[in-house]
$ cat entry_7.cif   # mmCIF, C-alpha atoms
data_model
#
loop_
_atom_site.group_PDB
_atom_site.id
_atom_site.type_symbol
_atom_site.label_atom_id
_atom_site.label_comp_id
_atom_site.auth_asym_id
_atom_site.auth_seq_id
_atom_site.Cartn_x
_atom_site.Cartn_y
_atom_site.Cartn_z
ATOM 1 C CA MET A 1174 -16.099 -10.551 -5.948
ATOM 2 C CA THR A 1175 -16.116 -13.587 -8.196
ATOM 3 C CA ALA A 1176 -13.324 -16.091 -7.733
ATOM 4 C CA GLY A 1177 -11.229 -16.939 -10.756
ATOM 5 C CA PRO A 1178 -9.254 -20.079 -11.446
ATOM 6 C CA GLY A 1179 -6.297 -19.112 -9.182
ATOM 7 C CA SER A 1180 -3.597 -21.399 -7.930
ATOM 8 C CA GLY A 1181 -4.370 -21.333 -4.216
ATOM 9 C CA ARG A 1182 -1.790 -18.660 -3.502
ATOM 10 C CA VAL A 1183 -1.969 -16.677 -0.256
ATOM 11 C CA VAL A 1184 -1.290 -12.938 -0.171
ATOM 12 C CA LEU A 1185 -1.088 -10.543 2.775
ATOM 13 C CA VAL A 1186 -2.222 -6.961 2.054
ATOM 14 C CA THR A 1187 -1.781 -4.011 4.419
ATOM 15 C CA GLY A 1188 -3.924 -0.889 4.213
ATOM 16 C CA ALA A 1189 -6.585 -3.303 3.018
ATOM 17 C CA ALA A 1190 -9.797 -1.695 4.227
ATOM 18 C CA ARG A 1191 -10.180 0.876 1.470
ATOM 19 C CA GLY A 1192 -8.525 2.612 -1.485
ATOM 20 C CA ILE A 1193 -5.824 0.800 -3.453
ATOM 21 C CA GLY A 1194 -5.446 -1.794 -0.700
ATOM 22 C CA ALA A 1195 -9.116 -2.827 -0.842
ATOM 23 C CA ALA A 1196 -9.081 -2.843 -4.647
ATOM 24 C CA THR A 1197 -6.028 -5.109 -4.527
ATOM 25 C CA VAL A 1198 -7.794 -7.554 -2.220
ATOM 26 C CA ARG A 1199 -10.692 -7.685 -4.666
ATOM 27 C CA ALA A 1200 -8.416 -8.201 -7.672
ATOM 28 C CA LEU A 1201 -6.564 -11.037 -5.951
ATOM 29 C CA CYS A 1202 -9.814 -12.708 -4.934
ATOM 30 C CA ARG A 1203 -11.115 -12.539 -8.488
ATOM 31 C CA GLN A 1204 -8.002 -14.478 -9.483
ATOM 32 C CA GLY A 1205 -8.868 -17.141 -6.922
ATOM 33 C CA HIS A 1206 -6.267 -16.306 -4.290
ATOM 34 C CA ARG A 1207 -6.803 -16.175 -0.540
ATOM 35 C CA VAL A 1208 -5.968 -12.923 1.195
ATOM 36 C CA VAL A 1209 -5.034 -11.852 4.707
ATOM 37 C CA ALA A 1210 -6.434 -8.315 4.752
ATOM 38 C CA VAL A 1211 -4.618 -6.171 7.330
ATOM 39 C CA ASP A 1212 -5.607 -2.681 8.430
ATOM 40 C CA SER A 1213 -5.209 -0.561 11.561
ATOM 41 C CA CYS A 1214 -8.897 0.423 11.406
ATOM 42 C CA ALA A 1215 -7.901 3.577 13.284
ATOM 43 C CA GLY A 1216 -10.972 5.523 12.175
ATOM 44 C CA ASP A 1217 -11.186 9.227 13.018
ATOM 45 C CA ALA A 1218 -7.896 11.120 12.715
ATOM 46 C CA PRO A 1219 -5.805 9.224 15.301
ATOM 47 C CA ALA A 1220 -4.219 11.264 18.078
ATOM 48 C CA ASP A 1221 -1.017 9.222 17.910
ATOM 49 C CA LEU A 1222 -0.397 10.278 14.294
ATOM 50 C CA PRO A 1223 0.210 14.029 14.409
ATOM 51 C CA GLY A 1224 -0.568 15.728 11.117
ATOM 52 C CA VAL A 1225 -3.116 13.181 9.884
ATOM 53 C CA ALA A 1226 -6.150 15.429 9.522
ATOM 54 C CA TYR A 1227 -8.622 13.023 7.943
ATOM 55 C CA PRO A 1228 -10.352 9.792 9.039
ATOM 56 C CA LEU A 1229 -8.556 6.548 8.335
ATOM 57 C CA ALA A 1230 -10.389 3.348 7.478
ATOM 58 C CA ASN A 1231 -12.525 1.717 10.148
ATOM 59 C CA ARG A 1232 -13.470 -1.770 11.267
ATOM 60 C CA ASP A 1233 -16.770 -1.739 9.367
ATOM 61 C CA GLU A 1234 -14.963 -1.139 6.074
ATOM 62 C CA LEU A 1235 -12.602 -4.053 6.714
ATOM 63 C CA GLU A 1236 -15.434 -6.385 7.717
ATOM 64 C CA SER A 1237 -17.446 -5.346 4.658
ATOM 65 C CA LEU A 1238 -14.507 -6.336 2.464
ATOM 66 C CA ARG A 1239 -14.371 -9.748 4.129
ATOM 67 C CA ASP A 1240 -18.116 -10.189 3.636
ATOM 68 C CA GLU A 1241 -17.662 -9.828 -0.122
ATOM 69 C CA ALA A 1242 -15.585 -13.037 -0.202
ATOM 70 C CA PRO A 1243 -15.827 -14.780 3.180
ATOM 71 C CA ASP A 1244 -14.208 -17.966 1.882
ATOM 72 C CA GLN A 1245 -11.156 -16.091 0.603
ATOM 73 C CA VAL A 1246 -10.565 -13.135 2.920
ATOM 74 C CA LEU A 1247 -9.227 -13.368 6.457
ATOM 75 C CA THR A 1248 -9.110 -10.024 8.275
ATOM 76 C CA VAL A 1249 -6.531 -8.904 10.822
ATOM 77 C CA ILE A 1250 -6.537 -5.578 12.656
ATOM 78 C CA ALA A 1251 -2.920 -4.503 12.964
ATOM 79 C CA ASP A 1252 -0.969 -1.260 12.689
ATOM 80 C CA VAL A 1253 2.010 -1.375 10.334
ATOM 81 C CA ARG A 1254 3.992 0.627 12.904
ATOM 82 C CA ASP A 1255 3.780 -2.409 15.199
ATOM 83 C CA ARG A 1256 6.310 -5.014 14.059
ATOM 84 C CA ALA A 1257 5.021 -7.604 16.534
ATOM 85 C CA ALA A 1258 1.486 -7.224 15.195
ATOM 86 C CA LEU A 1259 2.700 -7.747 11.633
ATOM 87 C CA ASP A 1260 4.738 -10.771 12.716
ATOM 88 C CA ALA A 1261 1.516 -12.183 14.156
ATOM 89 C CA ALA A 1262 -0.423 -11.405 10.961
ATOM 90 C CA ALA A 1263 2.174 -13.200 8.830
ATOM 91 C CA ARG A 1264 2.104 -16.194 11.173
ATOM 92 C CA THR A 1265 -1.684 -16.202 10.899
ATOM 93 C CA ALA A 1266 -1.398 -16.538 7.127
ATOM 94 C CA VAL A 1267 0.836 -19.584 7.457
ATOM 95 C CA GLU A 1268 -1.019 -21.194 10.368
ATOM 96 C CA ARG A 1269 -4.558 -20.619 9.060
ATOM 97 C CA LEU A 1270 -4.027 -20.748 5.299
ATOM 98 C CA GLY A 1271 -0.947 -22.961 5.055
ATOM 99 C CA ARG A 1272 1.519 -20.654 3.300
ATOM 100 C CA LEU A 1273 2.415 -17.094 2.358
ATOM 101 C CA ASP A 1274 3.226 -16.444 -1.292
ATOM 102 C CA ALA A 1275 3.132 -12.646 -1.529
ATOM 103 C CA ALA A 1276 2.733 -9.479 0.490
ATOM 104 C CA VAL A 1277 1.504 -6.066 -0.599
ATOM 105 C CA ALA A 1278 2.494 -3.078 1.546
ATOM 106 C CA ALA A 1279 -0.235 -0.574 0.703
ATOM 107 C CA ALA A 1280 -0.757 1.152 4.072
ATOM 108 C CA ALA A 1281 0.128 4.850 4.031
ATOM 109 C CA VAL A 1282 -0.954 8.294 5.173
ATOM 110 C CA ILE A 1283 -0.667 11.732 3.582
ATOM 111 C CA ILE A 1284 0.525 14.819 5.467
ATOM 112 C CA GLY A 1285 1.686 18.118 4.028
ATOM 113 C CA GLY A 1286 0.583 21.551 2.983
ATOM 114 C CA ARG A 1287 3.659 23.426 4.252
ATOM 115 C CA PRO A 1288 7.257 23.984 3.129
ATOM 116 C CA VAL A 1289 10.025 22.028 4.864
ATOM 117 C CA TRP A 1290 10.970 24.816 7.265
ATOM 118 C CA GLU A 1291 7.408 25.143 8.556
ATOM 119 C CA THR A 1292 6.644 21.433 8.855
ATOM 120 C CA PRO A 1293 6.524 20.127 12.455
ATOM 121 C CA ALA A 1294 8.945 17.301 13.195
ATOM 122 C CA ALA A 1295 6.048 15.278 14.579
ATOM 123 C CA HIS A 1296 4.381 15.347 11.164
ATOM 124 C CA VAL A 1297 7.540 14.038 9.511
ATOM 125 C CA GLN A 1298 7.739 11.283 12.136
ATOM 126 C CA SER A 1299 4.163 10.198 11.404
ATOM 127 C CA LEU A 1300 4.978 9.869 7.716
ATOM 128 C CA TRP A 1301 8.200 8.011 8.413
ATOM 129 C CA ASP A 1302 6.617 5.593 10.870
ATOM 130 C CA VAL A 1303 3.696 4.584 8.634
ATOM 131 C CA ASP A 1304 4.816 5.085 5.049
ATOM 132 C CA ALA A 1305 8.458 3.987 5.312
ATOM 133 C CA LEU A 1306 8.963 1.889 8.456
ATOM 134 C CA GLY A 1307 5.528 0.351 7.881
ATOM 135 C CA VAL A 1308 6.816 -1.065 4.588
ATOM 136 C CA TRP A 1309 10.038 -2.178 6.279
ATOM 137 C CA ASN A 1310 8.059 -3.944 9.019
ATOM 138 C CA THR A 1311 5.840 -5.659 6.462
ATOM 139 C CA ALA A 1312 8.823 -6.966 4.528
ATOM 140 C CA ALA A 1313 10.674 -8.066 7.660
ATOM 141 C CA ALA A 1314 7.597 -9.924 8.922
ATOM 142 C CA CYS A 1315 6.604 -11.590 5.649
ATOM 143 C CA VAL A 1316 9.739 -12.404 3.657
ATOM 144 C CA PRO A 1317 11.103 -15.039 6.118
ATOM 145 C CA HIS A 1318 7.864 -17.035 5.700
ATOM 146 C CA MET A 1319 8.251 -16.852 1.932
ATOM 147 C CA LEU A 1320 11.825 -18.092 2.113
ATOM 148 C CA ALA A 1321 10.761 -20.948 4.392
ATOM 149 C CA GLY A 1322 7.711 -21.838 2.323
ATOM 150 C CA PRO A 1323 7.141 -24.522 -0.291
ATOM 151 C CA ASP A 1324 7.998 -22.348 -3.315
ATOM 152 C CA PRO A 1325 10.197 -19.306 -2.652
ATOM 153 C CA SER A 1326 10.772 -18.831 -6.386
ATOM 154 C CA GLY A 1327 7.121 -17.878 -6.782
ATOM 155 C CA CYS A 1328 7.014 -15.444 -3.861
ATOM 156 C CA ARG A 1329 6.687 -11.678 -4.217
ATOM 157 C CA PHE A 1330 6.924 -8.569 -2.041
ATOM 158 C CA VAL A 1331 5.183 -5.537 -3.545
ATOM 159 C CA ALA A 1332 5.276 -2.048 -2.047
ATOM 160 C CA VAL A 1333 2.934 0.728 -3.133
ATOM 161 C CA ALA A 1334 5.156 3.737 -3.731
ATOM 162 C CA SER A 1335 3.903 6.826 -5.588
ATOM 163 C CA ALA A 1336 4.688 9.240 -8.358
ATOM 164 C CA ALA A 1337 5.999 11.261 -5.394
ATOM 165 C CA GLY A 1338 8.758 8.656 -5.055
ATOM 166 C CA THR A 1339 10.525 9.910 -8.164
ATOM 167 C CA ARG A 1340 9.519 13.591 -8.203
ATOM 168 C CA GLY A 1341 9.332 16.612 -5.952
ATOM 169 C CA LEU A 1342 5.773 17.808 -5.272
ATOM 170 C CA PHE A 1343 4.866 21.228 -3.907
ATOM 171 C CA HIS A 1344 4.392 21.295 -0.114
ATOM 172 C CA LEU A 1345 4.633 17.497 0.101
ATOM 173 C CA THR A 1346 8.342 17.153 0.846
ATOM 174 C CA GLY A 1347 7.841 14.778 3.758
ATOM 175 C CA TYR A 1348 5.684 12.530 1.596
ATOM 176 C CA ASN A 1349 8.265 12.785 -1.205
ATOM 177 C CA MET A 1350 10.942 11.703 1.252
ATOM 178 C CA VAL A 1351 9.164 8.606 2.529
ATOM 179 C CA LYS A 1352 8.060 7.434 -0.906
ATOM 180 C CA HIS A 1353 11.636 7.802 -2.181
ATOM 181 C CA ALA A 1354 12.593 5.679 0.835
ATOM 182 C CA VAL A 1355 10.061 3.003 -0.153
ATOM 183 C CA ILE A 1356 11.663 2.733 -3.576
ATOM 184 C CA GLY A 1357 15.125 2.517 -2.019
ATOM 185 C CA LEU A 1358 13.911 -0.164 0.366
ATOM 186 C CA VAL A 1359 12.518 -2.255 -2.479
ATOM 187 C CA ARG A 1360 15.713 -1.991 -4.491
ATOM 188 C CA GLY A 1361 17.815 -2.980 -1.477
ATOM 189 C CA LEU A 1362 15.484 -5.844 -0.610
ATOM 190 C CA ALA A 1363 15.639 -7.123 -4.182
ATOM 191 C CA ALA A 1364 19.433 -7.180 -3.880
ATOM 192 C CA ASP A 1365 19.220 -9.026 -0.548
ATOM 193 C CA LEU A 1366 16.980 -11.625 -2.203
ATOM 194 C CA THR A 1367 19.428 -12.424 -5.005
ATOM 195 C CA GLY A 1368 19.455 -16.140 -5.683
ATOM 196 C CA THR A 1369 16.346 -16.923 -3.637
ATOM 197 C CA GLY A 1370 13.754 -16.482 -6.372
ATOM 198 C CA VAL A 1371 11.721 -14.120 -4.196
ATOM 199 C CA ALA A 1372 11.072 -10.834 -5.995
ATOM 200 C CA ALA A 1373 10.665 -7.320 -4.558
ATOM 201 C CA ILE A 1374 8.825 -4.732 -6.649
ATOM 202 C CA ALA A 1375 7.515 -1.191 -6.204
ATOM 203 C CA VAL A 1376 4.355 0.068 -7.906
ATOM 204 C CA SER A 1377 3.975 3.836 -8.288
ATOM 205 C CA PRO A 1378 0.436 5.156 -8.843
ATOM 206 C CA GLY A 1379 -0.401 8.638 -10.036
ATOM 207 C CA SER A 1380 -3.503 10.571 -8.978
ATOM 208 C CA THR A 1381 -5.882 7.807 -7.941
ATOM 209 C CA ARG A 1382 -9.475 8.335 -6.810
ATOM 210 C CA THR A 1383 -9.103 7.387 -3.134
ATOM 211 C CA PRO A 1384 -9.772 8.966 0.267
ATOM 212 C CA MET A 1385 -6.063 9.842 0.394
ATOM 213 C CA LEU A 1386 -6.402 11.894 -2.780
ATOM 214 C CA ALA A 1387 -9.337 13.727 -1.203
ATOM 215 C CA ALA A 1388 -7.115 14.452 1.794
ATOM 216 C CA THR A 1389 -4.412 15.732 -0.561
ATOM 217 C CA ALA A 1390 -6.932 18.062 -2.182
ATOM 218 C CA ALA A 1391 -7.752 19.427 1.273
ATOM 219 C CA LEU A 1392 -4.059 20.135 1.896
ATOM 220 C CA TYR A 1393 -4.079 22.302 -1.228
ATOM 221 C CA GLU A 1394 -7.410 23.870 -0.238
ATOM 222 C CA LEU A 1395 -9.046 22.410 -3.340
ATOM 223 C CA ASP A 1396 -12.748 21.650 -3.192
ATOM 224 C CA ASP A 1397 -12.683 18.762 -5.682
ATOM 225 C CA VAL A 1398 -10.219 15.981 -6.525
ATOM 226 C CA GLU A 1399 -11.010 16.538 -10.206
ATOM 227 C CA HIS A 1400 -8.453 19.357 -10.116
ATOM 228 C CA PHE A 1401 -5.786 16.637 -10.197
ATOM 229 C CA THR A 1402 -6.829 15.498 -13.667
ATOM 230 C CA ALA A 1403 -4.625 18.308 -14.976
ATOM 231 C CA SER A 1404 -1.576 16.295 -13.844
ATOM 232 C CA GLN A 1405 -2.600 13.173 -15.797
ATOM 233 C CA LEU A 1406 -1.856 12.633 -19.489
ATOM 234 C CA THR A 1407 -4.926 10.384 -19.517
ATOM 235 C CA GLY A 1408 -7.070 13.437 -18.749
ATOM 236 C CA ARG A 1409 -8.777 11.586 -15.907
ATOM 237 C CA LEU A 1410 -8.104 10.231 -12.460
ATOM 238 C CA ILE A 1411 -6.977 6.637 -12.077
ATOM 239 C CA ASP A 1412 -9.438 4.137 -10.617
ATOM 240 C CA PRO A 1413 -8.026 2.076 -7.720
ATOM 241 C CA ALA A 1414 -9.011 -1.093 -9.573
ATOM 242 C CA GLU A 1415 -6.606 -0.192 -12.381
ATOM 243 C CA VAL A 1416 -3.679 0.078 -9.988
ATOM 244 C CA ALA A 1417 -4.815 -3.119 -8.269
ATOM 245 C CA GLU A 1418 -4.549 -5.101 -11.501
ATOM 246 C CA THR A 1419 -0.943 -3.959 -11.872
ATOM 247 C CA ILE A 1420 -0.200 -4.952 -8.277
ATOM 248 C CA ALA A 1421 -1.872 -8.328 -8.759
ATOM 249 C CA PHE A 1422 0.369 -9.042 -11.749
ATOM 250 C CA CYS A 1423 3.425 -8.117 -9.685
ATOM 251 C CA CYS A 1424 2.257 -10.660 -7.079
ATOM 252 C CA SER A 1425 2.056 -13.404 -9.695
ATOM 253 C CA VAL A 1426 4.675 -15.976 -10.581
ATOM 254 C CA ALA A 1427 5.145 -14.184 -13.912
ATOM 255 C CA GLY A 1428 5.810 -10.938 -12.034
ATOM 256 C CA GLY A 1429 9.177 -12.205 -10.833
ATOM 257 C CA VAL A 1430 10.943 -10.690 -13.828
ATOM 258 C CA LEU A 1431 10.169 -7.244 -12.371
ATOM 259 C CA THR A 1432 12.276 -7.680 -9.253
ATOM 260 C CA GLY A 1433 14.062 -4.493 -8.252
ATOM 261 C CA SER A 1434 11.831 -2.462 -10.559
ATOM 262 C CA VAL A 1435 9.612 0.547 -10.031
ATOM 263 C CA VAL A 1436 6.513 -0.178 -12.079
ATOM 264 C CA SER A 1437 4.731 2.975 -13.174
ATOM 265 C CA ALA A 1438 0.957 2.995 -12.819
ATOM 266 C CA GLU A 1439 0.973 6.777 -13.002
ATOM 267 C CA GLY A 1440 -1.387 7.406 -15.907
ATOM 268 C CA GLY A 1441 1.165 9.731 -17.454
ATOM 269 C CA PHE A 1442 1.629 11.783 -14.291
ATOM 270 C CA ARG A 1443 3.279 15.115 -15.015
ATOM 271 C CA GLY A 1444 2.907 16.943 -11.693
#
$ encode --input "entry_7.cif" --output "structure tokens"
Amino acid sequence: MTAGPGSGRVVLVTGAARGIGAATVRALCRQGHRVVAVDSCAGDAPADLPGVAYPLANRDELESLRDEAPDQVLTVIADVRDRAALDAAARTAVERLGRLDAAVAAAAVIIGGRPVWETPAAHVQSLWDVDALGVWNTAAACVPHMLAGPDPSGCRFVAVASAAGTRGLFHLTGYNMVKHAVIGLVRGLAADLTGTGVAAIAVSPGSTRTPMLAATAALYELDDVEHFTASQLTGRLIDPAEVAETIAFCCSVAGGVLTGSVVSAEGGFRG
């Protein structure tokens, strides 16, 4: 990563060890920002997340990200289901880096492959706890520091939603539900922030070349993620770096005009 001319802003990113989260950390660092990179580093399919049938990111991936920009990236191992851990991560940003200007809630898991009536309640709970309450916890931990900081009018909360947040996808109803909830959360948060200058924005990617997309392919018993190109008007999968650039703009001072919005980074998704 090569640092750009940034303004010394500090951004907290969850789900930072790989995928869109890691790409977002890199994009922010290129702009010269400092980043608190947060990930659970749970590794092999965690037993306390029923339905997650693929490995999550691990500690080595998070440390490798930090090694790319050691002067800009501070790593924190924390699970977004743990509000106290996120409170501590947000405090770390302020205590170690002096401020907190933006937060990106990118942590999520994918579970599915069955219709509603065959989906175990435990699988729905896993999705709800990580993909919805994890965003809630991130906002609740970070926004108070933004409001108390030196420039609330430049502060941003960005949640990674999904094309699934505005559509219904076959055998992914639980994921549809939680991503719709993320969009509702962002819209409600934006209303709560009226008059403060802090903006809340959702970014909805389409089929993006990440480990989560590979896990989605497995749910559909597909042997290659390239099958998903059929759902993209671009005729190709999205690169995480492309989504990250959109997220980075939403984190900027100029991104404030997008508050309450769902920004499509779907690549013409038509699934």
$ axis_aligned_box --input "entry_7.cif" --around "stretch 1372-1381 of chain A" --padding-each-side "6 Å" --output "JSON"
{"center_x": 2.6, "center_y": -0.1, "center_z": -7.3, "size_x": 29.0, "size_y": 33.4, "size_z": 17.5}
$ residues_around --input "entry_7.cif" --residues "A:Ala1262" --least-positions-apart "6" --cutoff "9 Å" --atoms "only C-alpha atoms" --output "compact mmCIF listing (two decimals) with C-alpha atoms, in the frame of the given file"
# COMPACT_ATOMS: atom_id res chain seq x y z
CA LEU A 1185 -1.09 -10.54 2.78
CA VAL A 1209 -5.03 -11.85 4.71
CA VAL A 1211 -4.62 -6.17 7.33
CA VAL A 1249 -6.53 -8.90 10.82
CA ILE A 1250 -6.54 -5.58 12.66
CA ALA A 1251 -2.92 -4.50 12.96
CA ALA A 1314 7.60 -9.92 8.92
CA CYS A 1315 6.60 -11.59 5.65
$ atom_distance --input "entry_7.cif" --atom1 "atom CA of A:Ala1263" --atom2 "atom CA of A:His1296"
28.7 Å
$ residues_around --input "entry_7.cif" --residues "A:Arg1329" --least-positions-apart "2" --cutoff "6 Å" --atoms "all atoms listed in the file" --output "MDAnalysis selection string"
chainID A and resid 1275 1371:1373 1424
$ closest_residue --input "entry_7.cif" --among "A:Gly1357, A:Pro1413, A:Pro1293, A:Gly1433" --to "A:Arg1382" --atoms "all atoms listed in the file"
A:Pro1413
$ resolve_selection --input "entry_7.cif" --expression "the PyMOL selection byres ((chain A and resi 1267) around 12)" --output "PyMOL selection string"
chain A and resi 1182-1185+1207-1209+1247+1260-1266+1268-1275+1314-1315+1317-1319+1321-1323
$ resolve_selection --input "entry_7.cif" --expression "the PyMOL selection byres ((chain A and resi 1340) around 10)" --output "PyMOL selection string"
chain A and resi 1335-1339+1341-1343+1346+1349-1350+1352-1353+1443-1444
$ resolve_selection --input "entry_7.cif" --expression "the PyMOL selection byres ((chain A and resi 1390-1407) around 8)" --output "PyMOL selection string"
chain A and resi 1284-1286+1379-1380+1382+1386-1389+1408-1410+1439-1444
$ atom_distance --input "entry_7.cif" --atom1 "atom CA of A:Ile1374" --atom2 "atom CA of A:Ile1356"
8.6 Å
